[in-house]
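Data block for my_file06.txt (compact mmCIF, C-alpha atoms):
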```txt
# COMPACT_ATOMS: atom_id res chain seq x y z
CA MET D 1 -24.03 24.18 10.76
CA THR D 2 -22.66 27.41 12.09
CA ASP D 3 -21.63 30.76 10.69
CA PRO D 4 -18.52 30.88 8.46
CA GLN D 5 -15.96 31.75 11.12
CA PRO D 6 -12.36 30.54 10.92
CA LEU D 7 -12.05 27.06 12.39
CA GLU D 8 -8.89 27.65 14.39
CA PRO D 9 -6.35 30.44 14.70
CA ARG D 10 -3.80 30.00 11.93
CA SER D 11 -1.00 29.68 14.48
CA GLU D 12 -2.54 26.46 15.86
CA PRO D 13 -2.21 23.09 14.14
CA TYR D 14 -5.22 21.53 12.48
CA PRO D 15 -6.49 18.97 13.05
CA PHE D 16 -5.78 19.23 16.74
CA TRP D 17 -6.87 15.62 17.39
CA ASP D 18 -4.48 12.75 16.72
CA TRP D 19 -4.36 9.15 15.53
CA LEU D 20 -4.95 7.84 19.05
CA ASP D 21 -8.27 9.69 19.07
CA ALA D 22 -9.10 8.18 15.68
CA ALA D 23 -8.21 4.68 16.91
CA VAL D 24 -10.47 5.11 19.96
CA MET D 25 -13.38 6.40 17.89
CA PHE D 26 -13.20 3.72 15.22
CA ALA D 27 -12.73 1.01 17.84
CA LEU D 28 -15.89 2.32 19.50
CA ALA D 29 -17.73 2.01 16.19
CA LEU D 30 -17.30 -1.78 16.15
CA PRO D 31 -19.43 -2.64 19.22
CA LEU D 32 -21.99 -0.04 18.14
CA ILE D 33 -22.28 -1.76 14.76
CA VAL D 34 -22.67 -5.13 16.50
CA LEU D 35 -25.44 -3.73 18.68
CA MET D 36 -27.12 -2.20 15.63
CA LEU D 37 -27.02 -5.51 13.73
CA ALA D 38 -28.26 -7.40 16.79
CA GLY D 39 -31.18 -4.99 16.99
CA GLY D 40 -32.54 -5.94 13.59
CA GLY D 41 -30.02 -6.19 10.81
CA GLY D 42 -28.89 -2.60 10.31
CA ALA D 43 -29.29 -0.35 7.31
CA HIS D 44 -27.60 -2.74 4.91
CA GLN D 45 -29.26 -6.02 6.03
CA PRO D 46 -32.97 -5.27 6.12
CA PRO D 47 -35.32 -7.64 7.92
CA LYS D 48 -37.52 -10.11 6.03
CA PRO D 49 -40.07 -9.78 4.66
CA ILE D 50 -39.03 -6.48 3.10
CA SER D 51 -41.58 -3.73 3.62
CA ARG D 52 -41.89 -0.10 4.56
CA HIS D 53 -41.64 -1.34 8.17
CA GLY D 54 -38.18 -2.63 7.28
CA ALA D 55 -37.22 0.81 5.99
CA VAL D 56 -38.31 2.42 9.26
CA ILE D 57 -36.28 -0.09 11.29
CA ALA D 58 -33.23 0.38 9.09
CA ILE D 59 -33.35 4.17 9.44
CA ALA D 60 -33.96 4.01 13.20
CA LEU D 61 -31.02 1.69 13.77
CA THR D 62 -28.68 3.67 11.54
CA PHE D 63 -29.73 6.93 13.16
CA SER D 64 -29.13 5.40 16.60
CA PHE D 65 -25.63 4.33 15.57
CA TYR D 66 -24.73 7.80 14.30
CA GLY D 67 -26.25 9.44 17.36
CA LEU D 68 -24.23 7.37 19.83
CA TRP D 69 -21.00 7.67 17.84
CA PHE D 70 -21.25 11.42 17.44
CA LEU D 71 -22.14 11.82 21.10
CA ALA D 72 -18.89 10.04 21.95
CA LEU D 73 -16.96 12.23 19.50
CA ARG D 74 -18.54 15.37 20.91
CA LEU D 75 -17.50 14.34 24.42
CA LEU D 76 -13.95 13.61 23.24
CA LEU D 77 -13.58 17.02 21.58
CA ARG D 78 -15.06 18.83 24.57
CA LEU D 79 -13.46 16.93 27.44
CA ARG D 80 -9.99 16.40 25.99
CA TYR D 81 -9.58 19.56 23.93
CA ASP D 82 -12.36 21.91 25.09
CA ARG D 83 -13.37 22.52 21.47
CA PRO D 84 -16.80 22.84 19.82
CA PHE D 85 -18.16 19.99 17.72
CA TRP D 86 -19.34 21.62 14.48
CA ARG D 87 -16.54 24.09 13.92
CA SER D 88 -13.91 21.50 14.84
CA LEU D 89 -15.14 19.26 12.03
CA ALA D 90 -15.26 22.23 9.62
CA CYS D 91 -19.05 22.05 9.37
CA VAL D 92 -19.40 25.71 8.47
CA TRP D 93 -21.51 27.30 5.74
CA PRO D 94 -20.02 26.28 2.39
CA PRO D 95 -17.79 29.04 0.98
CA PRO D 96 -18.83 28.10 -2.60
CA GLY D 97 -22.45 28.61 -1.57
CA PHE D 98 -25.26 26.09 -1.23
CA TRP D 99 -26.30 26.04 -4.87
CA SER D 100 -22.76 25.77 -6.16
CA SER D 101 -22.11 22.76 -3.93
CA ALA D 102 -25.45 21.20 -4.88
CA THR D 103 -24.80 21.72 -8.59
CA SER D 104 -21.44 19.96 -8.21
CA GLY D 105 -23.29 16.99 -6.72
CA LEU D 106 -25.81 16.89 -9.56
CA LEU D 107 -23.06 16.99 -12.19
CA LEU D 108 -21.12 14.29 -10.35
CA ALA D 109 -24.21 12.08 -10.31
CA MET D 110 -24.60 12.47 -14.07
CA ALA D 111 -20.95 11.56 -14.57
CA SER D 112 -21.40 8.52 -12.31
CA LEU D 113 -24.41 7.37 -14.34
CA MET D 114 -22.39 7.56 -17.55
CA LEU D 115 -19.51 5.71 -15.92
CA GLY D 116 -21.94 3.04 -14.71
CA MET D 117 -23.15 2.51 -18.28
CA ALA D 118 -19.55 2.33 -19.51
CA LEU D 119 -18.68 -0.28 -16.86
CA ARG D 120 -21.83 -2.26 -17.70
CA ILE D 121 -23.04 -2.83 -14.16
CA PRO D 122 -24.73 -6.26 -14.14
CA GLU D 123 -28.44 -6.65 -13.37
CA THR D 124 -28.25 -8.24 -9.93
CA LYS D 125 -30.46 -7.95 -6.89
CA THR D 126 -28.79 -5.99 -4.10
CA PRO D 127 -29.79 -5.55 -0.44
CA LEU D 128 -30.51 -1.88 -1.14
CA GLU D 129 -32.94 -2.73 -3.95
CA GLU D 130 -34.63 -5.30 -1.75
CA LEU D 131 -35.19 -2.60 0.88
CA LEU D 132 -36.71 -0.16 -1.63
CA LYS D 133 -39.75 -2.23 -2.57
CA ASP D 134 -42.50 0.40 -2.45
CA ARG D 135 -42.94 4.15 -2.74
CA ALA D 136 -43.16 4.64 1.02
CA SER D 137 -39.81 2.91 1.52
CA ILE D 138 -38.23 4.88 -1.32
CA LEU D 139 -39.50 8.11 0.23
CA LEU D 140 -38.30 7.25 3.74
CA ILE D 141 -34.86 6.06 2.66
CA GLY D 142 -34.64 8.89 0.11
CA VAL D 143 -35.25 11.64 2.67
CA PHE D 144 -32.66 10.10 4.99
CA GLY D 145 -30.27 9.57 2.07
CA VAL D 146 -30.23 13.20 0.99
CA THR D 147 -30.19 14.83 4.44
CA ILE D 148 -28.97 13.15 7.62
CA GLY D 149 -27.13 10.30 5.91
CA PRO D 150 -24.75 12.43 3.80
CA LEU D 151 -24.15 14.84 6.68
CA CYS D 152 -23.18 12.03 9.06
CA GLU D 153 -20.95 10.28 6.52
CA GLU D 154 -19.18 13.50 5.58
CA LEU D 155 -18.60 14.39 9.23
CA ILE D 156 -16.94 11.00 9.77
CA PHE D 157 -14.90 10.62 6.60
CA ARG D 158 -14.20 14.18 5.46
CA GLY D 159 -14.63 16.04 8.74
CA PHE D 160 -12.83 13.73 11.17
CA LEU D 161 -10.70 11.21 9.24
CA MET D 162 -9.54 13.11 6.15
CA PRO D 163 -7.79 15.97 7.99
CA LEU D 164 -5.58 13.40 9.76
CA LEU D 165 -4.80 11.65 6.48
CA THR D 166 -4.08 14.94 4.73
CA ARG D 167 -1.76 16.07 7.50
CA SER D 168 0.11 12.75 7.45
CA PHE D 169 0.26 11.97 3.71
CA GLY D 170 -0.62 15.13 1.80
CA ALA D 171 -3.80 16.44 0.21
CA LEU D 172 -4.19 14.06 -2.73
CA ALA D 173 -3.38 10.94 -0.71
CA GLY D 174 -5.66 12.10 2.09
CA VAL D 175 -8.57 12.57 -0.31
CA LEU D 176 -8.06 9.16 -1.91
CA LEU D 177 -7.39 7.26 1.32
CA ALA D 178 -10.53 8.66 2.97
CA ALA D 179 -12.54 7.48 -0.04
CA VAL D 180 -11.50 3.83 0.54
CA PRO D 181 -13.39 3.15 3.82
CA PHE D 182 -16.23 5.30 2.48
CA ALA D 183 -16.60 2.94 -0.49
CA LEU D 184 -16.27 -0.15 1.70
CA LEU D 185 -19.02 1.14 4.00
CA HIS D 186 -21.42 0.91 1.05
CA GLY D 187 -20.12 -2.40 -0.30
CA GLN D 188 -22.69 -4.71 1.24
CA GLU D 189 -25.71 -2.71 0.17
CA TYR D 190 -24.53 -3.09 -3.45
CA ALA D 191 -23.65 -6.79 -3.04
CA TRP D 192 -19.94 -5.93 -3.33
CA GLY D 193 -20.14 -5.33 -7.05
CA TRP D 194 -16.75 -3.99 -8.11
CA GLN D 195 -18.28 -1.55 -10.60
CA GLN D 196 -20.39 0.05 -7.87
CA LEU D 197 -17.41 0.17 -5.52
CA VAL D 198 -15.33 1.99 -8.15
CA ILE D 199 -18.09 4.55 -8.69
CA ILE D 200 -18.58 5.09 -4.95
CA PHE D 201 -14.83 5.43 -4.43
CA LEU D 202 -14.59 8.10 -7.14
CA ALA D 203 -17.63 9.90 -5.72
CA GLY D 204 -16.04 9.83 -2.25
CA ALA D 205 -12.84 11.28 -3.72
CA ALA D 206 -14.88 14.07 -5.31
CA PHE D 207 -16.57 14.85 -1.99
CA GLY D 208 -13.13 14.89 -0.38
CA TRP D 209 -11.78 17.27 -2.98
CA MET D 210 -14.71 19.61 -2.34
CA ARG D 211 -13.93 19.46 1.39
CA HIS D 212 -10.26 20.19 0.74
CA ASN D 213 -10.80 23.03 -1.72
CA SER D 214 -13.58 24.76 0.21
CA GLY D 215 -12.37 24.04 3.73
CA SER D 216 -15.96 23.10 4.56
CA THR D 217 -17.35 19.68 5.43
CA ALA D 218 -20.79 21.19 4.96
CA ALA D 219 -19.96 21.85 1.30
CA ALA D 220 -19.12 18.16 0.87
CA ALA D 221 -22.36 17.18 2.66
CA VAL D 222 -24.46 19.38 0.36
CA MET D 223 -22.69 17.96 -2.68
CA HIS D 224 -23.21 14.42 -1.35
CA GLY D 225 -26.91 15.01 -0.67
CA ALA D 226 -27.50 16.40 -4.16
CA TYR D 227 -25.62 13.44 -5.63
CA ASN D 228 -27.86 10.97 -3.79
CA LEU D 229 -30.99 12.92 -4.74
CA VAL D 230 -30.45 12.20 -8.44
CA PHE D 231 -30.43 8.45 -7.85
CA PHE D 232 -33.49 8.44 -5.61
CA VAL D 233 -35.45 10.53 -8.13
CA ILE D 234 -34.47 8.10 -10.90
CA LEU D 235 -35.41 5.13 -8.70
CA ALA D 236 -38.83 6.62 -7.89
CA ALA D 237 -39.49 7.33 -11.57
CA TRP D 238 -38.27 3.86 -12.53
CA LYS D 239 -40.96 2.17 -10.42
CA PRO D 240 -44.13 4.01 -11.46
CA ALA D 241 -46.38 1.04 -10.74
CA LEU D 242 -45.50 0.79 -7.06
CA ALA D 243 -48.29 1.44 -4.61
CA GLY D 244 -47.82 4.28 -2.14
```

Write the structure described by the file as C-alpha cells, please.
Amino acid sequence: MTDPQPLEPRSEPYPFWDWLDAAVMFALALPLIVLMLAGGGGAHQPPKPISRHGAVIAIALTFSFYGLWFLALRLLLRLRYDRPFWRSLACVWPPPGFWSSATSGLLLAMASLMLGMALRIPETKTPLEELLKDRASILLIGVFGVTIGPLCEELIFRGFLMPLLTRSFGALAGVLLAAVPFALLHGQEYAWGWQQLVIIFLAGAAFGWMRHNSGSTAAAAVMHGAYNLVFFVILAAWKPALAG
C-alpha cells in the first residue's frame, strides 16, 4: 500500500482500463487455474489424505496463481498505460483509518453469523472443513485468510473489476455485480450451499460499498481480513481438542 495520494487527476477518466483489458485478464485466469488444479487440487480441492501438508500445498498453489495473475496485470498497466500498480487499483491507505475499516469487518462478521443462524445452515461436510483438520492447518490457512487472501481478492474484484462495473452500470449495480463472481469463487469450498453463497454475496457487497465510499481498495481489504479473522478465531476455539 502507498501513501494516500489522489489516484488520478480529476480531469482524467477512471478507470482508465477498459473491458478488453478485463476480458484478457480473466481469460488468462482460466489456464492459470487449470495449471493450479493440475499441480495438486488448488485451494478448494485439497489433496487426500487431509493434513497440514495439504494446507501448505493449497496455500502455495493459490499464492502462485495470484502471483502470476498480478504479474500479468502489472505488466498490462505498465506497458499499455504506463501507470503504477497499487495506486491504479486504489490500494491507498484507507481514508476511514485502519481501525475503522477493521471494526466494520468485525461487525459485518457478527451480522453474518446471525444471518447464518436465521437461514439455518445445514450441518454438512465442506471441502474447507476437510482442509482445516488440525491446529496447524487452521493457523496456516487462517494467517493466509486474514492477510494475503483478502488483499488479493479485493484487488481483483473491488480494485480491478468493480470500477468498470460502476462506470458502466452505476454505483449500486457495480457493487452488487462485483459481489456475484466473488461469491461464486467461494462456492466450491462451501459445497455450494445456497445459504453460504447468500452470506458471501452480501459480505462481498459490503466490501464493495466500503471500496466505493472510501475510494480505497485497501479499506475493503482491511475490512475483509477482519471479517475472516472472526470466523477463524471461532473455528480454532470450536476445536479445542485438536493437536497442534

Next on the checklist: Set the distance at 9 Å and use only C-alpha atoms: which residues neighbour Trp99 (chain D) once local chain neighbours fewer than 4 positions away are removed? I'd like the list as a PyMOL selection string.
Outcome noted: chain D and resi 103-104+222

Item to check | Close residues, region 193-195 of chain D itself excluded, 9 Å, all atoms listed in the file, min 4 positions apart in chain, as number ranges by chain | outcome: D: 116, 119-122, 187-188, 199-200

Checklist entry - To one decimal place, how far is CA of His212 (chain D) from CA of Leu106 (chain D) in Å? => result 18.9 Å

Checklist outcome for this item: A straight line from CA of Leu131 (chain D) to CA of Glu189 (chain D) spans 9.5 Å

Next on the checklist: List as a ChimeraX atom specification the residues having at least one atom at most 7 Å from position (-13.1, 12.2, 1.7) as given in the file, counting all atoms listed in the file.
Outcome noted: /D:157-158,162,175-176,178-179,204-205,207-208

Could you give me, as CSV, every region 90-173 of chain D residue with an atom at most 10 Å from region 20-26 of chain D, plus its closest atom pair and distance in Å to one decimal, counting all atoms listed in the file, rows ordered by chain then number?
```
residue,atom,partner,partner_atom,distance
D:Ile156,CA,D:Phe26,CA,9.8
D:Phe160,CA,D:Ala22,CA,8.1
D:Leu161,CA,D:Ala22,CA,7.3
D:Leu164,CA,D:Ala22,CA,8.6
```

Checklist entry - So how far away is CA of Leu202 (chain D) from CA of Ala109 (chain D), in Å? => result 10.9 Å

Checklist entry - Contacts of His186 (chain D) at 10 Å or less, counting all atoms listed in the file, minus same-chain residues fewer than 5 places along, as number ranges by chain? => result D: 44, 128, 181, 191-192, 196-197, 200-201

Item to check | Option closest in space to Leu172 (chain D), from D:His224, D:Arg211, D:Arg74, D:Lys133 [counting all atoms listed in the file] | outcome: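 Looking at the shortest contact to Leu172 (chain D), the residue is D:Arg211.
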